[in-house]
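Input: a single structure, listed below in structure tokens.
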Amino acid sequence: MIMVTLDQDELIVYLENNKIDVIAVALSHWHALGIDAFLFDLSNRYDRKVEALILIQPHMTDGYVISEKDFLNDEYANLKFYFVDITPKDQSFISERLPNFISKYLTMYSGLRNIRSRKGLNILYLLSPQLPYSELLIYFGNEIVSSKYNPVLVLVDEGYGSYISKKNWKLTNKQLRKEDAKEAESILLYKISSNIFSMVDYIFREMILRSMPVQKRFLFRLESQLKINEDICSSYKEVLKLRDNELKMDQFGRTVLIITQPFSEMNTISLDEEINLMVSLIKVINKKGINPVIKPHPRENRAKYNNLNDCDFEIIENNFPVEEIIPNLNPICVIGYSSTALLNSKVFYDINAISLSDIMSSMSSDEMLNDSNEKFKQLTNNYVNFVDNIDDIEKLI
């Protein structure tokens, strides 16, 4: 894989000299699937291959988790990839971080002003997960680009994160900032600057949403419970049929797929508690003569599952999304906690989905986790089965 790092000036020149239909931002496999689903629909609408630029972002702790191989670029789109380079954490606040921040937002404001004052000749769809990616405004600070393109925002599904409460988002962001600040030279200065930057980001997003047309490509609509948007769901299913990966899983026989999460890594529960819960789960499945297959979360330490004693199971690689694993594995059910993939297993493939989130909440005092689990259950219990005892799983498989 050749990683072409994004250069803003080079990309502006590329936009000046080429006709592009889409610029999309992605971090995860789920984002890649949402982008592919939009490109699939757009190609059908235009009756041609569409031209798209994909900006791949790194995860704040894990680096780049997707690449070109996670997109379908031969079927209905010609894709050009760039990898977004993040700002180093060790930048000096006064001499580097603050001036870079001010310069960036001045350029973005110039781009937003150009969008408001003129209408370009060609529609350019700007895709990002859940919220507008404000930095795409930088390109419209260029007079040629802003005259050539008329931008339309498209917000693709973030997964369960698209539907959780504002309270939980605040708790999540608070936790992430807290973890990030551990390595900062000055925690107080870091907290103050992060709050200011977050506030400016919020103001810019609101200005963007009020200034530009917006299309939402969420898999569900939020009511008292989640309800499927059937047309968007159909696009996701069509793209999943077209995907071709290297998984070979027919050797496992009758299986249950277990989707794990990094609980001990995030200090939600202890490693011993996590391992004991997993051993109990696998033994229940073993009693039914079924093979448990564990799909670890990308942020987990796979070696911890070496401590699962006196039970039979398999572990598969974690570099494929669950939505692609299921057609290959063909499990009789999927067991997880509050993962988006658990919900998608039921929606896309009508696979029985079982959540252990109630059990996890009973084991943890983590406010963020328990609030998230409660909301997940409230929104998804029309699709997902929830159990509060491991033994209850035996009745569902």
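Every chain in the structure tokens takes a letter, A first, then B, and so on in the order presented; its residues are numbered from 1, and the ligands are numbered from 1 following the presented order.
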Quick one: everything within 7 Å of A:Ala52, counting only C-alpha atoms, minus sequence neighbours fewer than 4 positions away in the same chain. Send it as a PyMOL selection string.
chain A and resi 20-23+77-80
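With only C-alpha atoms taken into account, the protein and nucleic acid residues at most 9 Å from A:Val322 (excluding it and anything under 6 positions from it in its own chain) are Ile259, Lys295, Ala341, Leu342, Asn344 and Ser345 of chain A.
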Among stretch 122-339 of chain A, which residues does DSSP mark as strand (DSSP E or B) when it is run on the backbone? Keep the chain and numbering as in the structure and answer as a PyMOL selection string.
chain A and resi 122-129+149-156+214-217+220-222+226-228+255-259+291-295+314-315+333-336
Output file for the residues above (C-alpha atoms, as an mmCIF file, in the first residue's frame):
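Printed below is selection-v1.cif as written:
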```cif
data_model
loop_
_atom_site.group_PDB
_atom_site.id
_atom_site.type_symbol
_atom_site.label_atom_id
_atom_site.label_comp_id
_atom_site.auth_asym_id
_atom_site.auth_seq_id
_atom_site.Cartn_x
_atom_site.Cartn_y
_atom_site.Cartn_z
ATOM 1 C CA ASN A 122 -20.938 21.499 -10.789
ATOM 2 C CA ILE A 123 -22.362 19.735 -7.753
ATOM 3 C CA LEU A 124 -19.642 18.447 -5.424
ATOM 4 C CA TYR A 125 -20.838 16.127 -2.663
ATOM 5 C CA LEU A 126 -18.897 16.441 0.596
ATOM 6 C CA LEU A 127 -19.301 13.248 2.641
ATOM 7 C CA SER A 128 -18.389 12.824 6.288
ATOM 8 C CA PRO A 129 -19.622 10.596 9.144
ATOM 9 C CA TYR A 149 -18.173 23.606 -7.609
ATOM 10 C CA ASN A 150 -21.456 23.891 -5.764
ATOM 11 C CA PRO A 151 -21.000 21.868 -2.540
ATOM 12 C CA VAL A 152 -23.703 19.655 -0.998
ATOM 13 C CA LEU A 153 -23.123 18.101 2.433
ATOM 14 C CA VAL A 154 -23.833 14.398 2.848
ATOM 15 C CA LEU A 155 -23.713 12.950 6.363
ATOM 16 C CA VAL A 156 -23.201 9.188 6.419
ATOM 17 C CA VAL A 214 -27.546 18.783 3.698
ATOM 18 C CA GLN A 215 -28.475 15.172 2.929
ATOM 19 C CA LYS A 216 -28.547 12.600 5.747
ATOM 20 C CA ARG A 217 -27.625 9.037 4.818
ATOM 21 C CA PHE A 220 -32.025 4.481 10.819
ATOM 22 C CA ARG A 221 -34.327 7.286 11.789
ATOM 23 C CA LEU A 222 -34.549 8.088 15.460
ATOM 24 C CA LEU A 226 -34.650 2.939 15.810
ATOM 25 C CA LYS A 227 -36.555 2.461 12.552
ATOM 26 C CA ILE A 228 -34.845 1.369 9.336
ATOM 27 C CA THR A 255 -20.845 -21.351 14.778
ATOM 28 C CA VAL A 256 -21.769 -18.467 17.029
ATOM 29 C CA LEU A 257 -19.931 -15.227 16.311
ATOM 30 C CA ILE A 258 -18.833 -13.320 19.422
ATOM 31 C CA ILE A 259 -18.078 -9.608 18.929
ATOM 32 C CA ASN A 291 -18.260 -23.592 17.822
ATOM 33 C CA PRO A 292 -17.745 -20.083 19.281
ATOM 34 C CA VAL A 293 -15.750 -17.774 16.984
ATOM 35 C CA ILE A 294 -14.330 -14.621 18.597
ATOM 36 C CA LYS A 295 -13.886 -11.485 16.496
ATOM 37 C CA GLU A 314 -11.612 -19.965 17.526
ATOM 38 C CA ILE A 315 -10.218 -16.440 17.072
ATOM 39 C CA CYS A 333 -26.384 -16.036 15.940
ATOM 40 C CA VAL A 334 -24.162 -13.105 16.879
ATOM 41 C CA ILE A 335 -23.383 -12.236 20.503
ATOM 42 C CA GLY A 336 -21.956 -8.897 21.616
#
```
Do a neighbour search on A:Cys233 at 9 Å with only C-alpha atoms, toss out local chain neighbours closer than 6 positions, and write the hits as a ChimeraX atom specification.
/A:37,218-220,347-348
Could you save the residues just selected, with C-alpha atoms, as a tab-separated table (two decimals), in the first residue's frame?
```
chain	number	residue	atom	x	y	z
A	37	ALA	CA	-23.30	2.87	-0.59
A	218	PHE	CA	-28.35	7.41	8.17
A	219	LEU	CA	-29.34	3.77	8.22
A	220	PHE	CA	-32.02	4.48	10.82
A	347	VAL	CA	-30.73	-5.66	9.98
A	348	PHE	CA	-28.63	-6.83	7.02
```
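Distances from A:Val145, A:Tyr109, A:Glu323, A:Asn267 to A:Ser365 were compared using only C-alpha atoms, and the smallest one belongs to A:Asn267.
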